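This report refers to the structure that appears directly beneath it.
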Amino acid sequence: MTAYEGDTERTFAALPPAHGRGFAQSWWGRAWLKALEETALDSAQVKTGRRLARAGAVGAVSVRPGRLTAVVQDRDGTAHRADVLLEELSDEQWDRFVDMAVERAGHVAALLDREMPPHLVEDAAAAGIELLPGLGDLEPECDCGAWDHCGHTAALCYQVARLLDQDPFVLLLMRGRGERAVMDALQTHGGASAVQAPCREGVDASEAYAAGHVLPPPPTPPVLQEGPGVPPSLDTETVPAPVADPAALSFLASRAAAEAYRLLAEALRAGHDQQPVEVEPTAAEDAVRLAAGAPRHAVLERLAEGSGRDREVLDVAVRAWRLGGRAALSVLEQEWAVEGDRLARARAALEAAWEEDERPSLRARANRWTVVGEPHQLRLDHHGRWWPYRRERGHWVPAGEASQDPATALASAALPPDEL
């Protein structure tokens, strides 16, 4: 079998804490943990590892042939790199595994279903191929200095048991072959029919449309989690390309996850189907959205340059974005003429907001009303909302969230920055 470039390393995002559940639900996951528990000389370290894994202290897990790697945090926050080594199968052993698997269609079907039934492992063992680790097969390495399994390597093993529950190909990758290499070899040895899912015959489109009234109801919407997921870690031993910035890519991935979570939350909100479709943000708008995620200095500089802003202008744009997203950014950067009915409604709102003897003197220009003699300003958006602005260091900056009442908005502009 030939290993595939890009198919020999997988990185799994950190899993959430495992409160109130076992680490291994599948029999092969439990066999993995048995190898750990029988190997470790100090059972107290195994228990420490179980507690760390249960508390969510294991970071992203990198799986490569013969090696598992993750950063594990102690209870005091100290981070340690933990590795667990497992002997790879030889090319000759892999060839025997493929020959054995294609002899029984059930083996291939089980792998396609992400399962590892006992008879597959038993048949492999009969052919001299030990897929699951045995006593002493899991070799620990940790920068904490322990010579045997410590709490960090044990925690890594417990976390991997959860990954094995989901996908036994993780074990095959540790033994030396990625999923694509395994499935291609099975197809080459056993013919295309060995690894192809059964083909279902479809119906004519007009027939399916005509039967629409008898179709079952759509599935229930997914349950929204407490927050966005964690993207896979890019912290691997692979040297990045000269033009790649791993920190910038990691930041971009985390912001993409946060934006996906926001879009899903809005899609699940009642009445979302009655709302207009959002217009795609421009590159300049999206740069501000990314900058609002507080990236490191070098990324901020790139975002400022790419959006045609200097750092000071970008900082003010981020301030607006955090107050009200694209609408607030539009009010900051765009000036538009208020005419016709909109102007009449704006004037009526201003007149009704204060008693006549308390009304401030306002000077109007386009959609901006500046208080005469004061560093305060009101800006009207296209939805009839008023945004408070304050003059700082010679520039108008947003001073609070929008309000339907101009008096409320102007009061926000007068508040000290630390009271907003």
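Following the order of the structure tokens, first chain is A, next is B, and so on, with residues numbered from 1 inside each chain and ligands from 1 in the order they appear.
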>> Show me, as a PyMOL selection string, the residues that have an atom within 9 Å of Val160 of chain A when counting only C-alpha atoms, minus same-chain residues fewer than 5 positions from it.
In response: chain A and resi 23+29+32+61+68+155+165+170
Please produce an output containing C-alpha atoms for each residue in the selection, written as a PDB file, in the first residue's frame.
```pdb
ATOM      1  CA  PHE A  23     -14.960   7.709  27.807  1.00  0.00           C
ATOM      2  CA  GLY A  29     -12.583   2.116  22.545  1.00  0.00           C
ATOM      3  CA  TRP A  32      -7.829   0.910  23.886  1.00  0.00           C
ATOM      4  CA  VAL A  61      -5.293  15.979  19.133  1.00  0.00           C
ATOM      5  CA  LEU A  68      -0.506  10.905  19.013  1.00  0.00           C
ATOM      6  CA  ALA A 155      -5.462  12.155  29.610  1.00  0.00           C
ATOM      7  CA  ASP A 165     -15.749   5.685  19.313  1.00  0.00           C
ATOM      8  CA  VAL A 170      -8.156   6.870  13.749  1.00  0.00           C
TER       9      VAL A 170
END
```
Which residues of segment 258-348 of chain A come within 8 Å of segment 357-379 of chain A, and for each one, what is the closest pair of atoms and their distance in Å to one decimal, counting only C-alpha atoms, sorted by chain and residue number, as a tab-separated table?
```
residue	atom	partner	partner_atom	distance
A:Val331	CA	A:Arg379	CA	6.9
A:Glu335	CA	A:Asn367	CA	6.4
A:Trp336	CA	A:Ala366	CA	5.7
A:Ala337	CA	A:Ala366	CA	4.5
A:Val338	CA	A:Asn367	CA	5.7
```
Those residues with C-alpha atoms, as a tab-separated table (two decimals), in the first residue's frame please?
```tsv
chain	number	residue	atom	x	y	z
A	331	VAL	CA	-23.66	55.38	9.93
A	335	GLU	CA	-23.33	60.43	4.81
A	336	TRP	CA	-26.68	60.57	3.04
A	337	ALA	CA	-29.31	63.22	2.35
A	338	VAL	CA	-32.52	63.04	4.41
```
>> Using only C-alpha atoms, which protein or nucleic acid residues come within 12 Å of Leu164 of chain A? Drop anything in the same chain fewer than 6 positions from it, and give the result as a list in words.
In response: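 Neighbouring residues, sequence-local ones excluded: Phe12, Phe23, Ala24, Gln25, Ser26, Trp27, Trp28, Gly29, Arg30, Ala31, Trp32, Leu33, Val63, Arg114, Glu115, Met116, Leu132, Cys157, Tyr158, Val170, Leu171, Leu172, Leu173 and Met174 of chain A.
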Using N, CA, C and O atoms, can you write the selected residues to a file as a compact mmCIF listing (two decimals), in the first residue's frame?
```
# COMPACT_ATOMS: atom_id res chain seq x y z
N PHE A 12 -7.80 16.77 15.33
CA PHE A 12 -9.16 16.81 15.85
C PHE A 12 -9.27 17.93 16.87
O PHE A 12 -8.43 18.08 17.76
N PHE A 23 -15.81 7.24 28.90
CA PHE A 23 -14.96 7.71 27.81
C PHE A 23 -15.05 6.81 26.58
O PHE A 23 -14.79 7.25 25.48
N ALA A 24 -15.38 5.58 26.76
CA ALA A 24 -15.43 4.65 25.63
C ALA A 24 -16.78 3.95 25.61
O ALA A 24 -17.13 3.24 26.55
N GLN A 25 -17.52 4.16 24.54
CA GLN A 25 -18.81 3.50 24.38
C GLN A 25 -18.69 2.23 23.53
O GLN A 25 -19.46 1.30 23.70
N SER A 26 -17.75 2.22 22.60
CA SER A 26 -17.56 1.07 21.73
C SER A 26 -16.61 0.06 22.38
O SER A 26 -15.79 0.41 23.24
N TRP A 27 -16.70 -1.16 21.95
CA TRP A 27 -15.85 -2.18 22.55
C TRP A 27 -14.38 -1.94 22.20
O TRP A 27 -13.49 -2.21 23.00
N TRP A 28 -14.11 -1.40 20.98
CA TRP A 28 -12.73 -1.16 20.61
C TRP A 28 -12.16 0.06 21.37
O TRP A 28 -10.97 0.10 21.65
N GLY A 29 -13.03 1.01 21.70
CA GLY A 29 -12.58 2.12 22.54
C GLY A 29 -12.22 1.64 23.94
O GLY A 29 -11.22 2.08 24.54
N ARG A 30 -13.02 0.71 24.47
CA ARG A 30 -12.72 0.16 25.79
C ARG A 30 -11.45 -0.68 25.76
O ARG A 30 -10.67 -0.70 26.72
N ALA A 31 -11.21 -1.38 24.64
CA ALA A 31 -9.98 -2.17 24.52
C ALA A 31 -8.76 -1.25 24.50
O ALA A 31 -7.70 -1.58 25.05
N TRP A 32 -8.90 -0.08 23.89
CA TRP A 32 -7.83 0.91 23.89
C TRP A 32 -7.49 1.35 25.32
O TRP A 32 -6.33 1.40 25.71
N LEU A 33 -8.52 1.66 26.10
CA LEU A 33 -8.30 2.09 27.47
C LEU A 33 -7.74 0.95 28.33
O LEU A 33 -6.96 1.20 29.26
N VAL A 63 -3.11 13.21 15.08
CA VAL A 63 -2.93 11.77 14.89
C VAL A 63 -2.09 11.55 13.65
O VAL A 63 -2.44 12.01 12.56
N ARG A 114 -18.03 2.90 9.75
CA ARG A 114 -17.23 3.40 10.88
C ARG A 114 -17.34 2.47 12.09
O ARG A 114 -17.49 2.89 13.21
N GLU A 115 -17.26 1.17 11.84
CA GLU A 115 -17.32 0.18 12.91
C GLU A 115 -16.13 -0.76 12.79
O GLU A 115 -15.55 -0.95 11.71
N MET A 116 -15.78 -1.37 13.92
CA MET A 116 -14.71 -2.36 13.94
C MET A 116 -15.21 -3.57 14.72
O MET A 116 -14.94 -3.70 15.92
N LEU A 132 -5.51 -3.59 17.56
CA LEU A 132 -5.65 -2.92 18.85
C LEU A 132 -4.38 -3.12 19.68
O LEU A 132 -3.75 -4.18 19.60
N CYS A 157 -4.74 9.61 26.16
CA CYS A 157 -5.31 8.30 25.80
C CYS A 157 -6.82 8.27 26.04
O CYS A 157 -7.57 7.69 25.23
N TYR A 158 -7.27 8.85 27.14
CA TYR A 158 -8.71 8.88 27.39
C TYR A 158 -9.44 9.69 26.32
O TYR A 158 -10.54 9.32 25.88
N VAL A 170 -9.19 6.23 12.94
CA VAL A 170 -8.16 6.87 13.75
C VAL A 170 -7.11 5.83 14.16
O VAL A 170 -5.90 6.07 14.13
N LEU A 171 -7.57 4.64 14.55
CA LEU A 171 -6.65 3.58 14.94
C LEU A 171 -5.83 3.12 13.74
O LEU A 171 -4.61 2.91 13.86
N LEU A 172 -6.48 2.98 12.58
CA LEU A 172 -5.74 2.53 11.39
C LEU A 172 -4.69 3.56 11.00
O LEU A 172 -3.60 3.20 10.54
N LEU A 173 -4.99 4.86 11.18
CA LEU A 173 -4.00 5.89 10.88
C LEU A 173 -2.81 5.78 11.84
O LEU A 173 -1.65 5.92 11.43
N MET A 174 -3.09 5.53 13.12
CA MET A 174 -2.00 5.35 14.07
C MET A 174 -1.13 4.16 13.67
O MET A 174 0.08 4.16 13.88
```
Need the shell around Asp315 of chain A: protein/DNA/RNA residues with any atom at most 9 Å away, counting only C-alpha atoms. Skip same-chain ones fewer than 4 positions apart. Format as a CSV table (one decimal) with N, CA, C and O atoms, in the first residue's frame?
```csv
chain,number,residue,atom,x,y,z
A,288,VAL,N,-13.5,44.9,8.9
A,288,VAL,CA,-13.8,45.4,10.2
A,288,VAL,C,-14.4,44.3,11.1
A,288,VAL,O,-14.1,44.2,12.3
A,291,ALA,N,-11.5,42.4,12.4
A,291,ALA,CA,-10.8,43.2,13.4
A,291,ALA,C,-11.5,43.2,14.7
A,291,ALA,O,-10.8,43.3,15.7
A,292,ALA,N,-12.8,43.2,14.7
A,292,ALA,CA,-13.6,43.2,15.9
A,292,ALA,C,-13.4,42.0,16.8
A,292,ALA,O,-13.7,41.9,17.9
A,310,ASP,N,-6.2,53.4,7.9
A,310,ASP,CA,-5.1,53.4,8.8
A,310,ASP,C,-5.6,52.8,10.1
A,310,ASP,O,-6.8,52.6,10.3
A,311,ARG,N,-4.6,52.5,11.0
A,311,ARG,CA,-5.0,51.8,12.3
A,311,ARG,C,-6.0,52.6,13.1
A,311,ARG,O,-6.9,52.1,13.7
A,319,ARG,N,-15.0,50.0,16.8
A,319,ARG,CA,-15.9,50.5,17.9
A,319,ARG,C,-17.3,50.6,17.4
A,319,ARG,O,-18.2,50.2,18.1
A,320,ALA,N,-17.5,51.1,16.2
A,320,ALA,CA,-18.9,51.1,15.7
A,320,ALA,C,-19.4,49.7,15.4
A,320,ALA,O,-20.6,49.5,15.8
```
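Nearest residue to Glu278 of chain A among A:Asp99, A:Gly134, A:Ala82, A:Arg326 is A:Arg326, counting only C-alpha atoms.
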>> Need the shell around segment 45-51 of chain A: protein/DNA/RNA residues with any atom at most 6 Å away, counting only C-alpha atoms. Skip same-chain ones fewer than 5 positions apart. Format as a ChimeraX atom specification?
In response: /A:150-152,154-155
>> Would you compute the distance between atom CA of His119 of chain A and atom CA of Arg96 of chain A? Give it in Å to one decimal.
In response: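 Answer for the atom CA of His119 of chain A to atom CA of Arg96 of chain A separation: 15.8 Å.
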> Counting only C-alpha atoms, which of A:Pro16, A:Gly22, A:Gly128, A:Gly77 gets nearest to Gly56 of chain A?
Replying inline: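 Of the candidates, the smallest distance to Gly56 of chain A is held by A:Pro16.
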> Near Ala284 of chain A, within 10 Å and counting only C-alpha atoms, which residues show up once chain neighbours fewer than 2 positions away are dropped, as a list in words?
Replying inline: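 Result of the neighbour search: Pro281, Thr282, Asp286, Ala287, Val288, Arg289, Leu303, Ala304, Gly306, Ser307, Gly308 and Arg309 of chain A.
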Write a file of the selected residues as a CSV table (one decimal), in the first residue's frame, keeping all heavy atoms.
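Listed below is the output, again_30.csv:
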```csv
chain,number,residue,atom,x,y,z
A,281,PRO,N,-21.4,41.1,2.7
A,281,PRO,CA,-20.6,42.2,3.1
A,281,PRO,C,-19.5,42.5,2.1
A,281,PRO,O,-19.0,41.6,1.4
A,281,PRO,CB,-20.0,41.8,4.4
A,281,PRO,CG,-20.0,40.3,4.4
A,281,PRO,CD,-21.3,39.9,3.6
A,282,THR,N,-19.1,43.7,2.0
A,282,THR,CA,-18.0,44.1,1.1
A,282,THR,C,-16.7,43.7,1.8
A,282,THR,O,-16.7,43.4,3.0
A,282,THR,CB,-17.9,45.6,0.8
A,282,THR,OG1,-17.7,46.3,2.1
A,282,THR,CG2,-19.2,46.1,0.2
A,286,ASP,N,-16.0,43.4,5.8
A,286,ASP,CA,-15.6,42.1,6.4
A,286,ASP,C,-14.3,42.3,7.2
A,286,ASP,O,-14.1,41.6,8.2
A,286,ASP,CB,-15.5,41.0,5.4
A,286,ASP,CG,-15.9,39.7,5.9
A,286,ASP,OD1,-16.9,39.6,6.7
A,286,ASP,OD2,-15.3,38.7,5.5
A,287,ALA,N,-13.5,43.2,6.7
A,287,ALA,CA,-12.2,43.4,7.4
A,287,ALA,C,-12.5,44.0,8.8
A,287,ALA,O,-11.8,43.6,9.8
A,287,ALA,CB,-11.3,44.4,6.6
A,288,VAL,N,-13.5,44.9,8.9
A,288,VAL,CA,-13.8,45.4,10.2
A,288,VAL,C,-14.4,44.3,11.1
A,288,VAL,O,-14.1,44.2,12.3
A,288,VAL,CB,-14.8,46.6,10.1
A,288,VAL,CG1,-15.3,47.1,11.4
A,288,VAL,CG2,-14.2,47.7,9.2
A,289,ARG,N,-15.3,43.4,10.5
A,289,ARG,CA,-15.8,42.3,11.3
A,289,ARG,C,-14.7,41.5,11.9
A,289,ARG,O,-14.7,41.1,13.1
A,289,ARG,CB,-16.7,41.5,10.5
A,289,ARG,CG,-17.3,40.2,11.2
A,289,ARG,CD,-18.1,39.4,10.3
A,289,ARG,NE,-17.2,38.7,9.2
A,289,ARG,CZ,-16.5,37.6,9.4
A,289,ARG,NH1,-16.6,37.0,10.6
A,289,ARG,NH2,-15.8,37.1,8.5
A,303,LEU,N,-5.3,43.9,8.1
A,303,LEU,CA,-6.7,44.2,7.9
A,303,LEU,C,-6.8,45.7,7.6
A,303,LEU,O,-7.7,46.0,6.8
A,303,LEU,CB,-7.5,43.8,9.1
A,303,LEU,CG,-7.7,42.3,9.4
A,303,LEU,CD1,-8.3,42.0,10.7
A,303,LEU,CD2,-8.5,41.7,8.2
A,304,ALA,N,-6.1,46.5,8.3
A,304,ALA,CA,-6.2,47.9,8.1
A,304,ALA,C,-5.7,48.3,6.6
A,304,ALA,O,-6.4,49.0,5.9
A,304,ALA,CB,-5.3,48.7,9.1
A,306,GLY,N,-5.5,46.2,4.0
A,306,GLY,CA,-6.3,45.6,3.0
A,306,GLY,C,-7.7,46.3,2.9
A,306,GLY,O,-8.3,46.2,1.8
A,307,SER,N,-8.1,47.0,3.9
A,307,SER,CA,-9.4,47.7,3.8
A,307,SER,C,-9.3,49.2,3.5
A,307,SER,O,-10.3,49.9,3.5
A,307,SER,CB,-10.2,47.5,5.2
A,307,SER,OG,-9.5,48.2,6.2
A,308,GLY,N,-8.1,49.6,3.2
A,308,GLY,CA,-7.9,51.0,2.9
A,308,GLY,C,-8.0,52.0,4.0
A,308,GLY,O,-8.3,53.2,3.8
A,309,ARG,N,-7.8,51.5,5.2
A,309,ARG,CA,-7.9,52.4,6.4
A,309,ARG,C,-6.5,52.4,7.1
A,309,ARG,O,-5.7,51.4,7.0
A,309,ARG,CB,-8.9,51.9,7.4
A,309,ARG,CG,-10.3,51.7,6.8
A,309,ARG,CD,-11.2,51.1,7.9
A,309,ARG,NE,-12.6,51.0,7.5
A,309,ARG,CZ,-13.2,50.0,6.9
A,309,ARG,NH1,-12.4,48.9,6.6
A,309,ARG,NH2,-14.5,50.0,6.5
```
>> Among segment 90-326 of chain A, which ones does DSSP assign to strand (DSSP E) (computed from the backbone)? Answer as an MDAnalysis selection string.
In response: chainID A and resid 139:142
>> Among segment 281-325 of chain A, which residues does DSSP mark as alpha helix (DSSP H) when it is run on the backbone? Keep the chain and numbering as in the structure and answer as a PyMOL selection string.
In response: chain A and resi 283-291+297-306+311-325
Requested write-out: N, CA and C atoms of the selected residues, as a CSV table (one decimal), in the first residue's frame:
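Result went into out.csv, see below:
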```
chain,number,residue,atom,x,y,z
A,283,ALA,N,-15.6,43.7,1.1
A,283,ALA,CA,-14.3,43.3,1.7
A,283,ALA,C,-13.9,44.3,2.8
A,284,ALA,N,-14.2,45.6,2.6
A,284,ALA,CA,-13.9,46.6,3.6
A,284,ALA,C,-14.8,46.4,4.9
A,285,GLU,N,-16.0,46.0,4.7
A,285,GLU,CA,-16.9,45.7,5.9
A,285,GLU,C,-16.4,44.4,6.6
A,286,ASP,N,-16.0,43.4,5.8
A,286,ASP,CA,-15.6,42.1,6.4
A,286,ASP,C,-14.3,42.3,7.2
A,287,ALA,N,-13.5,43.2,6.7
A,287,ALA,CA,-12.2,43.4,7.4
A,287,ALA,C,-12.5,44.0,8.8
A,288,VAL,N,-13.5,44.9,8.9
A,288,VAL,CA,-13.8,45.4,10.2
A,288,VAL,C,-14.4,44.3,11.1
A,289,ARG,N,-15.3,43.4,10.5
A,289,ARG,CA,-15.8,42.3,11.3
A,289,ARG,C,-14.7,41.5,11.9
A,290,LEU,N,-13.7,41.2,11.1
A,290,LEU,CA,-12.6,40.3,11.6
A,290,LEU,C,-11.8,41.1,12.6
A,291,ALA,N,-11.5,42.4,12.4
A,291,ALA,CA,-10.8,43.2,13.4
A,291,ALA,C,-11.5,43.2,14.7
A,297,HIS,N,-1.5,42.0,16.7
A,297,HIS,CA,-1.1,43.2,16.1
A,297,HIS,C,-0.9,43.1,14.6
A,298,ALA,N,-0.1,42.1,14.2
A,298,ALA,CA,0.3,41.9,12.8
A,298,ALA,C,-1.0,41.7,11.9
A,299,VAL,N,-1.9,40.9,12.4
A,299,VAL,CA,-3.2,40.7,11.7
A,299,VAL,C,-4.0,42.0,11.5
A,300,LEU,N,-4.0,42.8,12.6
A,300,LEU,CA,-4.7,44.1,12.6
A,300,LEU,C,-4.1,45.0,11.5
A,301,GLU,N,-2.8,45.0,11.4
A,301,GLU,CA,-2.1,45.8,10.4
A,301,GLU,C,-2.5,45.4,9.0
A,302,ARG,N,-2.5,44.1,8.8
A,302,ARG,CA,-2.9,43.6,7.5
A,302,ARG,C,-4.4,43.9,7.1
A,303,LEU,N,-5.3,43.9,8.1
A,303,LEU,CA,-6.7,44.2,7.9
A,303,LEU,C,-6.8,45.7,7.6
A,304,ALA,N,-6.1,46.5,8.3
A,304,ALA,CA,-6.2,47.9,8.1
A,304,ALA,C,-5.7,48.3,6.6
A,305,GLU,N,-4.6,47.7,6.3
A,305,GLU,CA,-4.1,48.0,4.9
A,305,GLU,C,-5.0,47.4,3.8
A,306,GLY,N,-5.5,46.2,4.0
A,306,GLY,CA,-6.3,45.6,3.0
A,306,GLY,C,-7.7,46.3,2.9
A,311,ARG,N,-4.6,52.5,11.0
A,311,ARG,CA,-5.0,51.8,12.3
A,311,ARG,C,-6.0,52.6,13.1
A,312,GLU,N,-5.8,54.0,13.2
A,312,GLU,CA,-6.7,54.8,14.0
A,312,GLU,C,-8.2,54.7,13.4
A,313,VAL,N,-8.3,54.8,12.1
A,313,VAL,CA,-9.6,54.8,11.4
A,313,VAL,C,-10.2,53.4,11.6
A,314,LEU,N,-9.4,52.3,11.5
A,314,LEU,CA,-9.9,51.0,11.8
A,314,LEU,C,-10.4,50.8,13.2
A,315,ASP,N,-9.7,51.3,14.2
A,315,ASP,CA,-10.1,51.2,15.6
A,315,ASP,C,-11.4,51.8,15.8
A,316,VAL,N,-11.7,53.0,15.2
A,316,VAL,CA,-13.0,53.6,15.3
A,316,VAL,C,-14.1,52.8,14.6
A,317,ALA,N,-13.7,52.2,13.4
A,317,ALA,CA,-14.7,51.4,12.7
A,317,ALA,C,-15.1,50.1,13.6
A,318,VAL,N,-14.0,49.6,14.2
A,318,VAL,CA,-14.3,48.4,15.1
A,318,VAL,C,-15.2,48.8,16.3
A,319,ARG,N,-15.0,50.0,16.8
A,319,ARG,CA,-15.9,50.5,17.9
A,319,ARG,C,-17.3,50.6,17.4
A,320,ALA,N,-17.5,51.1,16.2
A,320,ALA,CA,-18.9,51.1,15.7
A,320,ALA,C,-19.4,49.7,15.4
A,321,TRP,N,-18.6,48.8,14.9
A,321,TRP,CA,-19.1,47.5,14.6
A,321,TRP,C,-19.6,46.8,15.9
A,322,ARG,N,-18.8,46.9,16.9
A,322,ARG,CA,-19.2,46.3,18.2
A,322,ARG,C,-20.5,46.8,18.8
A,323,LEU,N,-20.8,48.1,18.4
A,323,LEU,CA,-22.1,48.7,18.9
A,323,LEU,C,-23.3,48.2,18.1
A,324,GLY,N,-23.1,48.0,16.8
A,324,GLY,CA,-24.2,47.7,16.0
A,324,GLY,C,-24.0,47.1,14.6
A,325,GLY,N,-22.8,46.4,14.4
A,325,GLY,CA,-22.6,45.7,13.2
A,325,GLY,C,-22.5,46.6,12.0
```
>> What's around Pro231 of chain A at 9 Å? Count only C-alpha atoms, leave out sequence neighbours fewer than 3 positions away in its own chain, and write the answer as JSON, numbers by chain.
In response: {"A": [12, 13, 14, 60, 234, 250, 253, 254, 256, 257]}
The selected residues should be written to file as a JSON list (two decimals), in the first residue's frame (atoms: C-alpha atoms).
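Below is the file that was written, again.json:
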```json
[["chain", "number", "residue", "atom", "x", "y", "z"],
["A", 12, "PHE", "CA", -9.16, 16.81, 15.85],
["A", 13, "ALA", "CA", -10.53, 19.84, 17.67],
["A", 14, "ALA", "CA", -10.51, 19.81, 21.44],
["A", 60, "ALA", "CA", -6.52, 19.51, 19.84],
["A", 234, "LEU", "CA", -2.86, 24.11, 13.17],
["A", 250, "SER", "CA", -6.05, 30.03, 13.12],
["A", 253, "ALA", "CA", -10.85, 29.82, 11.27],
["A", 254, "SER", "CA", -12.08, 30.85, 14.73],
["A", 256, "ALA", "CA", -15.45, 31.76, 10.62],
["A", 257, "ALA", "CA", -16.78, 29.44, 13.34]]
```
> If you measure from atom CA of Phe169 of chain A to atom CA of Ala35 of chain A, what distance in Å do you get, rounded to one decimal?
Replying inline: 18.1 Å
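Comparing the minimum interatomic distances between Ser330 of chain A and each of A:Pro398, A:Gly136, A:Pro240, A:Pro219, counting only C-alpha atoms, we find that A:Pro398 sits nearest.
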> Using only C-alpha atoms, which residue out of A:Glu392, A:Glu351, A:Glu141, A:Glu179 lies closest to Leu111 of chain A?
Replying inline: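 Ranking A:Glu392, A:Glu351, A:Glu141, A:Glu179 by distance to Leu111 of chain A, first place goes to A:Glu179.
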